[in-house]
>>> print(open('protein-v6.pdb').read())   # PDB, C-alpha atoms
ATOM      1  CA  MET A   1     158.519 -83.763  99.198
ATOM      2  CA  ILE A   2     158.315 -84.531 102.888
ATOM      3  CA  HIS A   3     155.592 -86.977 103.951
ATOM      4  CA  PRO A   4     153.309 -85.531 106.662
ATOM      5  CA  THR A   5     154.319 -88.272 109.134
ATOM      6  CA  ALA A   6     158.079 -87.737 108.647
ATOM      7  CA  LEU A   7     160.014 -85.794 111.280
ATOM      8  CA  VAL A   8     162.588 -83.560 109.584
ATOM      9  CA  GLU A   9     164.494 -81.324 112.000
ATOM     10  CA  THR A  10     167.291 -80.208 109.672
ATOM     11  CA  GLU A  11     167.115 -77.373 107.170
ATOM     12  CA  ASN A  12     169.999 -78.838 105.151
ATOM     13  CA  ILE A  13     167.939 -80.729 102.562
ATOM     14  CA  GLY A  14     168.636 -80.415  98.852
ATOM     15  CA  ASP A  15     166.241 -79.922  95.955
ATOM     16  CA  SER A  16     163.932 -82.722  94.764
ATOM     17  CA  THR A  17     164.617 -84.853  97.844
ATOM     18  CA  HIS A  18     161.845 -87.145  99.105
ATOM     19  CA  VAL A  19     161.442 -88.138 102.752
ATOM     20  CA  TRP A  20     158.814 -90.844 103.186
ATOM     21  CA  ALA A  21     156.512 -91.956 106.012
ATOM     22  CA  TYR A  22     157.795 -92.014 109.589
ATOM     23  CA  ALA A  23     161.384 -91.230 108.612
ATOM     24  CA  HIS A  24     163.351 -89.107 111.095
ATOM     25  CA  VAL A  25     166.102 -86.726 109.960
ATOM     26  CA  MET A  26     167.734 -84.998 112.935
ATOM     27  CA  GLN A  27     168.976 -81.432 113.212
ATOM     28  CA  GLY A  28     172.501 -81.134 111.794
ATOM     29  CA  ALA A  29     172.177 -83.867 109.169
ATOM     30  CA  GLN A  30     173.157 -82.775 105.649
ATOM     31  CA  ILE A  31     171.061 -84.208 102.816
ATOM     32  CA  GLY A  32     171.903 -83.627  99.139
ATOM     33  CA  ASN A  33     169.761 -83.164  96.039
ATOM     34  CA  GLN A  34     167.444 -85.840  94.609
ATOM     35  CA  VAL A  35     167.823 -88.114  97.641
ATOM     36  CA  ASN A  36     165.147 -90.716  98.412
ATOM     37  CA  ILE A  37     164.746 -91.542 102.128
ATOM     38  CA  GLY A  38     162.460 -94.529 102.741
ATOM     39  CA  ASP A  39     159.862 -95.227 105.416
ATOM     40  CA  HIS A  40     161.125 -95.462 109.014
ATOM     41  CA  ALA A  41     164.691 -94.459 108.071
ATOM     42  CA  PHE A  42     166.718 -92.643 110.735
ATOM     43  CA  ILE A  43     169.474 -90.113 109.989
ATOM     44  CA  GLU A  44     171.322 -88.672 112.973
ATOM     45  CA  GLY A  45     172.695 -85.149 113.164
ATOM     46  CA  GLY A  46     176.237 -85.034 111.802
ATOM     47  CA  ALA A  47     175.559 -87.577 109.042
ATOM     48  CA  ILE A  48     176.297 -86.383 105.498
ATOM     49  CA  ILE A  49     174.331 -87.729 102.517
ATOM     50  CA  GLY A  50     175.367 -86.785  98.960
ATOM     51  CA  ASP A  51     173.273 -86.286  95.818
ATOM     52  CA  ARG A  52     171.071 -88.947  94.164
ATOM     53  CA  VAL A  53     171.386 -91.338  97.115
ATOM     54  CA  THR A  54     168.713 -93.965  97.784
ATOM     55  CA  LEU A  55     168.150 -94.962 101.419
ATOM     56  CA  LYS A  56     165.548 -97.726 101.560
ATOM     57  CA  ASN A  57     163.173 -98.421 104.459
ATOM     58  CA  ARG A  58     164.535 -98.711 108.022
ATOM     59  CA  VAL A  59     168.100 -97.635 107.223
ATOM     60  CA  CYS A  60     170.006 -96.163 110.201
ATOM     61  CA  VAL A  61     172.723 -93.596 109.420
ATOM     62  CA  TRP A  62     174.565 -92.208 112.445
ATOM     63  CA  GLU A  63     176.751 -89.197 113.135
ATOM     64  CA  GLY A  64     180.181 -89.630 111.550
ATOM     65  CA  VAL A  65     178.895 -91.424 108.451
ATOM     66  CA  THR A  66     179.502 -89.774 105.074
ATOM     67  CA  ILE A  67     177.717 -91.187 102.024
ATOM     68  CA  GLU A  68     178.888 -89.766  98.707
ATOM     69  CA  ASP A  69     176.810 -89.312  95.527
ATOM     70  CA  ASP A  70     174.885 -92.061  93.692
ATOM     71  CA  VAL A  71     174.954 -94.605  96.537
ATOM     72  CA  PHE A  72     172.250 -97.252  97.072
ATOM     73  CA  VAL A  73     171.594 -98.382 100.660
ATOM     74  CA  GLY A  74     169.211-101.343 100.924
ATOM     75  CA  PRO A  75     166.494-101.869 103.533
ATOM     76  CA  CYS A  76     167.469-102.358 107.177
ATOM     77  CA  VAL A  77     171.151-101.503 106.644
ATOM     78  CA  THR A  78     172.801-100.352 109.868
ATOM     79  CA  PHE A  79     175.857 -98.155 110.199
ATOM     80  CA  THR A  80     177.679 -97.819 113.535
ATOM     81  CA  ASN A  81     179.992 -95.146 114.932
ATOM     82  CA  ASP A  82     181.510 -96.452 118.172
ATOM     83  CA  LYS A  83     183.898 -99.434 118.356
ATOM     84  CA  ASN A  84     183.545 -99.880 122.127
ATOM     85  CA  PRO A  85     179.999 -98.768 122.943
ATOM     86  CA  ARG A  86     178.754 -98.245 126.460
ATOM     87  CA  SER A  87     175.831 -96.283 127.749
ATOM     88  CA  PRO A  88     177.076 -92.682 128.052
ATOM     89  CA  ARG A  89     175.010 -92.474 131.238
ATOM     90  CA  MET A  90     177.033 -95.243 132.927
ATOM     91  CA  GLU A  91     179.345 -93.707 135.528
ATOM     92  CA  LYS A  92     182.493 -95.474 134.251
ATOM     93  CA  ALA A  93     181.820 -94.297 130.684
ATOM     94  CA  ARG A  94     180.958 -90.635 131.273
ATOM     95  CA  ALA A  95     184.506 -89.330 130.831
ATOM     96  CA  ARG A  96     184.915 -91.184 127.533
ATOM     97  CA  TYR A  97     181.679 -89.736 126.165
ATOM     98  CA  ALA A  98     182.386 -86.180 127.352
ATOM     99  CA  THR A  99     183.750 -85.323 123.871
ATOM    100  CA  ARG A 100     183.227 -86.800 120.408
ATOM    101  CA  GLU A 101     186.960 -87.484 120.140
ATOM    102  CA  GLY A 102     186.577 -90.017 122.954
ATOM    103  CA  TRP A 103     184.303 -92.339 121.029
ATOM    104  CA  LEU A 104     183.232 -91.211 117.522
ATOM    105  CA  VAL A 105     184.676 -93.323 114.680
ATOM    106  CA  THR A 106     183.814 -92.274 111.117
ATOM    107  CA  THR A 107     182.773 -94.276 108.048
ATOM    108  CA  LEU A 108     183.048 -93.218 104.404
ATOM    109  CA  VAL A 109     180.911 -94.672 101.602
ATOM    110  CA  ARG A 110     182.377 -93.703  98.230
ATOM    111  CA  ARG A 111     180.253 -92.752  95.245
ATOM    112  CA  GLY A 112     178.362 -95.417  93.334
ATOM    113  CA  CYS A 113     178.596 -98.031  96.104
ATOM    114  CA  SER A 114     175.625-100.372  96.668
ATOM    115  CA  ILE A 115     174.881-101.903 100.073
ATOM    116  CA  GLY A 116     172.543-104.911 100.222
ATOM    117  CA  ALA A 117     169.650-105.384 102.620
ATOM    118  CA  ALA A 118     170.401-105.853 106.324
ATOM    119  CA  ALA A 119     174.161-105.361 106.001
ATOM    120  CA  THR A 120     175.937-104.076 109.115
ATOM    121  CA  LEU A 121     178.953-101.788 108.831
ATOM    122  CA  VAL A 122     181.348-101.392 111.746
ATOM    123  CA  PRO A 123     182.885 -97.919 112.078
ATOM    124  CA  GLY A 124     186.263 -96.820 110.800
ATOM    125  CA  ILE A 125     185.949 -98.303 107.317
ATOM    126  CA  GLU A 126     185.796 -97.020 103.748
ATOM    127  CA  LEU A 127     183.606 -98.640 101.100
ATOM    128  CA  GLY A 128     185.260 -98.057  97.732
ATOM    129  CA  ALA A 129     183.669 -96.435  94.701
ATOM    130  CA  PHE A 130     181.215 -98.722  92.870
ATOM    131  CA  SER A 131     181.794-101.556  95.346
ATOM    132  CA  MET A 132     178.906-103.863  96.219
ATOM    133  CA  ILE A 133     178.099-105.203  99.678
ATOM    134  CA  GLY A 134     176.040-108.411  99.743
ATOM    135  CA  ALA A 135     172.801-108.676 101.700
ATOM    136  CA  GLY A 136     173.348-109.490 105.366
ATOM    137  CA  ALA A 137     177.105-108.900 105.229
ATOM    138  CA  LEU A 138     179.036-107.846 108.323
ATOM    139  CA  VAL A 139     181.661-105.434 106.997
ATOM    140  CA  THR A 140     184.625-105.050 109.361
ATOM    141  CA  LYS A 141     187.346-103.642 107.075
ATOM    142  CA  ASP A 142     187.830-101.419 104.033
ATOM    143  CA  VAL A 143     186.330-102.573 100.729
ATOM    144  CA  PRO A 144     188.281-101.759  97.523
ATOM    145  CA  PRO A 145     186.641-100.021  94.547
ATOM    146  CA  TYR A 146     184.472-102.307  92.377
ATOM    147  CA  ALA A 147     184.804-105.216  94.863
ATOM    148  CA  LEU A 148     181.887-107.521  95.711
ATOM    149  CA  VAL A 149     181.991-108.631  99.355
ATOM    150  CA  CYS A 150     179.681-111.098 101.113
ATOM    151  CA  GLY A 151     179.402-112.974 104.395
ATOM    152  CA  SER A 152     180.157-112.505 108.069
ATOM    153  CA  PRO A 153     182.779-111.223 108.270
ATOM    154  CA  ALA A 154     182.541-109.941 104.699
ATOM    155  CA  LYS A 155     185.145-111.224 102.249
ATOM    156  CA  ARG A 156     185.868-110.255  98.649
ATOM    157  CA  VAL A 157     184.321-112.863  96.352
ATOM    158  CA  ALA A 158     184.473-111.099  92.969
ATOM    159  CA  ASP A 159     184.550-107.718  91.267
ATOM    160  CA  VAL A 160     181.603-105.858  89.743
ATOM    161  CA  CYS A 161     181.191-103.419  86.880
ATOM    162  CA  GLY A 162     179.959 -99.862  87.319
ATOM    163  CA  CYS A 163     176.592-101.129  86.011
ATOM    164  CA  GLY A 164     176.437-103.565  88.948
ATOM    165  CA  GLN A 165     176.984-106.826  87.063
ATOM    166  CA  LYS A 166     179.413-109.394  88.464
ATOM    167  CA  LEU A 167     182.570-109.670  86.360
ATOM    168  CA  SER A 168     184.299-112.922  85.407
ATOM    169  CA  GLY A 169     187.679-111.375  86.311
ATOM    170  CA  THR A 170     189.065-108.318  88.046
ATOM    171  CA  PHE A 171     187.633-104.853  87.394
ATOM    172  CA  ASP A 172     190.940-103.608  85.989
ATOM    173  CA  GLN A 173     191.277-106.477  83.481
ATOM    174  CA  THR A 174     187.742-107.467  82.416
ATOM    175  CA  THR A 175     185.317-105.809  79.981
ATOM    176  CA  CYS A 176     181.683-106.083  81.066
ATOM    177  CA  PRO A 177     179.609-108.252  78.692
ATOM    178  CA  HIS A 178     176.428-106.414  79.765
ATOM    179  CA  CYS A 179     177.308-102.733  79.283
ATOM    180  CA  GLU A 180     180.710-103.072  77.551
ATOM    181  CA  GLU A 181     182.446-100.880  80.115
ATOM    182  CA  THR A 182     186.184-101.515  79.776
ATOM    183  CA  PRO A 183     188.918-101.647  82.415
ATOM    184  CA  ALA A 184     190.245 -98.376  80.969
ATOM    185  CA  ASP A 185     186.799 -96.792  81.467
ATOM    186  CA  ARG A 186     186.757 -97.808  85.142
ATOM    187  CA  LEU A 187     190.298 -96.643  85.818
ATOM    188  CA  ALA A 188     189.514 -93.301  84.160
ATOM    189  CA  VAL A 189     186.475 -92.883  86.431
ATOM    190  CA  LEU A 190     188.563 -93.560  89.538
ATOM    191  CA  GLN A 191     191.287 -91.158  88.393
ATOM    192  CA  HIS A 192     188.672 -88.481  87.680
ATOM    193  CA  TYR A 193     187.258 -88.702  91.215
ATOM    194  CA  ARG A 194     190.748 -88.698  92.754
ATOM    195  CA  ARG A 195     191.532 -85.474  90.882
ATOM    196  CA  LEU A 196     188.350 -83.939  92.295
ATOM    197  CA  GLY A 197     189.613 -84.735  95.775
ATOM    198  CA  ASP A 198     187.022 -87.408  96.398
TER     199      ASP A 198
END
>>> encode(input="protein-v6.pdb", output="structure tokens")
Amino acid sequence: MIHPTALVETENIGDSTHVWAYAHVMQGAQIGNQVNIGDHAFIEGGAIIGDRVTLKNRVCVWEGVTIEDDVFVGPCVTFTNDKNPRSPRMEKARARYATREGWLVTTLVRRGCSIGAAATLVPGIELGAFSMIGAGALVTKDVPPYALVCGSPAKRVADVCGCGQKLSGTFDQTTCPHCEETPADRLAVLQHYRRLGD
């Protein structure tokens, strides 16, 4: 379902995907199956969105960002893709922006990650599987799987379960009291995805 006010320029949209009011998906973006793209979201060409991803209102996803399956991205989250941005039209910057290799820095969001509202992600980082990024965080470095990070700059404050609940200990040593997922369960999930090449 594509809302009549949405601007969708790509043909690479999977089955049962919803694009809501005033969202803009540029030519060259790849969108998976059962994705929900909220109002006023922007997805640039070259961005890759996996299956069953939720992008809430006003999310900006730029070229070079890959979001794997089952990821939640809260409202007003902003990704970036250039560590030293200048206007490409500025004379001193034209040579740098002549090719993507001169400026484009990629970001990878692993499956099951959740990103809280208004978080900002600098380029060149990887958010681990099932990690959780607190609302308003400024993420400047890689986040390990199942880690909960908060603040500016974001720091690891705890670990979370696959169900999203904060754990009293580390993910590889603590059984979740809410869903009873064990450390062995979590390690098996990570090993499974590594075998798949993810």
>>> closest_residue(input="protein-v6.pdb", among="A:Asp159, A:Glu11, A:Glu181, A:Glu44", to="His24 (chain A)", atoms="only C-alpha atoms")
A:Glu44
>>> atom_distance(input="protein-v6.pdb", atom1="CA of Leu190 (chain A)", atom2="CA of Ala158 (chain A)")
18.3 Å
>>> residues_around(input="protein-v6.pdb", residues="region 50-61 of chain A", least_positions_apart="4", cutoff="9 Å", atoms="only C-alpha atoms", output="count of residues only")
39
>>> residues_around(input="protein-v6.pdb", residues="Leu148 (chain A)", least_positions_apart="3", cutoff="8 Å", atoms="only C-alpha atoms", output="list in words")
Ser131, Met132, Ile133, Gly134, Arg156, Val157, Ala158, Asp159, Val160 and Lys166 of chain A
>>> write_last_selection(input="protein-v6.pdb", atoms="C-alpha atoms", output="mmCIF file, in the frame of the given file")
data_model
loop_
_atom_site.group_PDB
_atom_site.id
_atom_site.type_symbol
_atom_site.label_atom_id
_atom_site.label_comp_id
_atom_site.auth_asym_id
_atom_site.auth_seq_id
_atom_site.Cartn_x
_atom_site.Cartn_y
_atom_site.Cartn_z
ATOM 1 C CA SER A 131 181.794 -101.556 95.346
ATOM 2 C CA MET A 132 178.906 -103.863 96.219
ATOM 3 C CA ILE A 133 178.099 -105.203 99.678
ATOM 4 C CA GLY A 134 176.040 -108.411 99.743
ATOM 5 C CA ARG A 156 185.868 -110.255 98.649
ATOM 6 C CA VAL A 157 184.321 -112.863 96.352
ATOM 7 C CA ALA A 158 184.473 -111.099 92.969
ATOM 8 C CA ASP A 159 184.550 -107.718 91.267
ATOM 9 C CA VAL A 160 181.603 -105.858 89.743
ATOM 10 C CA LYS A 166 179.413 -109.394 88.464
#
>>> closest_residue(input="protein-v6.pdb", among="A:Trp62, A:Gln191, A:Pro88, A:Gly164", to="His178 (chain A)", atoms="all atoms listed in the file")
A:Gly164
>>> atom_distance(input="protein-v6.pdb", atom1="CA of Asp82 (chain A)", atom2="CA of Gln27 (chain A)")
20.2 Å
>>> resolve_selection(input="protein-v6.pdb", expression="the PyMOL selection byres ((chain A and resi 153) around 9)", output="list in words")
Ala137, Leu138, Val139, Thr140, Lys141, Cys150, Gly151, Ser152, Ala154 and Lys155 of chain A
>>> write_last_selection(input="protein-v6.pdb", atoms="C-alpha atoms", output="JSON list (two decimals), keeping the file's coordinate frame")
[["chain", "number", "residue", "atom", "x", "y", "z"],
["A", 137, "ALA", "CA", 177.10, -108.90, 105.23],
["A", 138, "LEU", "CA", 179.04, -107.85, 108.32],
["A", 139, "VAL", "CA", 181.66, -105.43, 107.00],
["A", 140, "THR", "CA", 184.62, -105.05, 109.36],
["A", 141, "LYS", "CA", 187.35, -103.64, 107.08],
["A", 150, "CYS", "CA", 179.68, -111.10, 101.11],
["A", 151, "GLY", "CA", 179.40, -112.97, 104.40],
["A", 152, "SER", "CA", 180.16, -112.50, 108.07],
["A", 154, "ALA", "CA", 182.54, -109.94, 104.70],
["A", 155, "LYS", "CA", 185.14, -111.22, 102.25]]
>>> closest_residue(input="protein-v6.pdb", among="A:Val19, A:Ala6, A:Gly102, A:Leu187", to="Gln173 (chain A)", atoms="all atoms listed in the file")
A:Leu187
>>> closest_residue(input="protein-v6.pdb", among="A:Arg186, A:Arg194, A:Arg100, A:Lys83", to="Val122 (chain A)", atoms="all atoms listed in the file")
A:Lys83
>>> atom_distance(input="protein-v6.pdb", atom1="CA of Glu101 (chain A)", atom2="CA of Arg89 (chain A)")
17.1 Å
>>> closest_residue(input="protein-v6.pdb", among="A:Val25, A:Ala135, A:Ala47, A:Ala95", to="Leu108 (chain A)", atoms="all atoms listed in the file")
A:Ala47
>>> residues_around(input="protein-v6.pdb", residues="Val189 (chain A)", least_positions_apart="4", cutoff="12 Å", atoms="all atoms listed in the file", output="ChimeraX atom specification")
/A:111-112,129-130,145-146,161-162,172,181-185,193-196,198
>>> axis_aligned_box(input="protein-v6.pdb", around="region 47-54 of chain A", padding_each_side="8 Å", output="AutoDock Vina command-line options")
--center_x 172.5 --center_y -90.1 --center_z 101.6 --size_x 23.6 --size_y 23.7 --size_z 30.9
>>> closest_residue(input="protein-v6.pdb", among="A:Leu127, A:Gly45, A:Glu9, A:Met1", to="Ser114 (chain A)", atoms="only C-alpha atoms")
A:Leu127
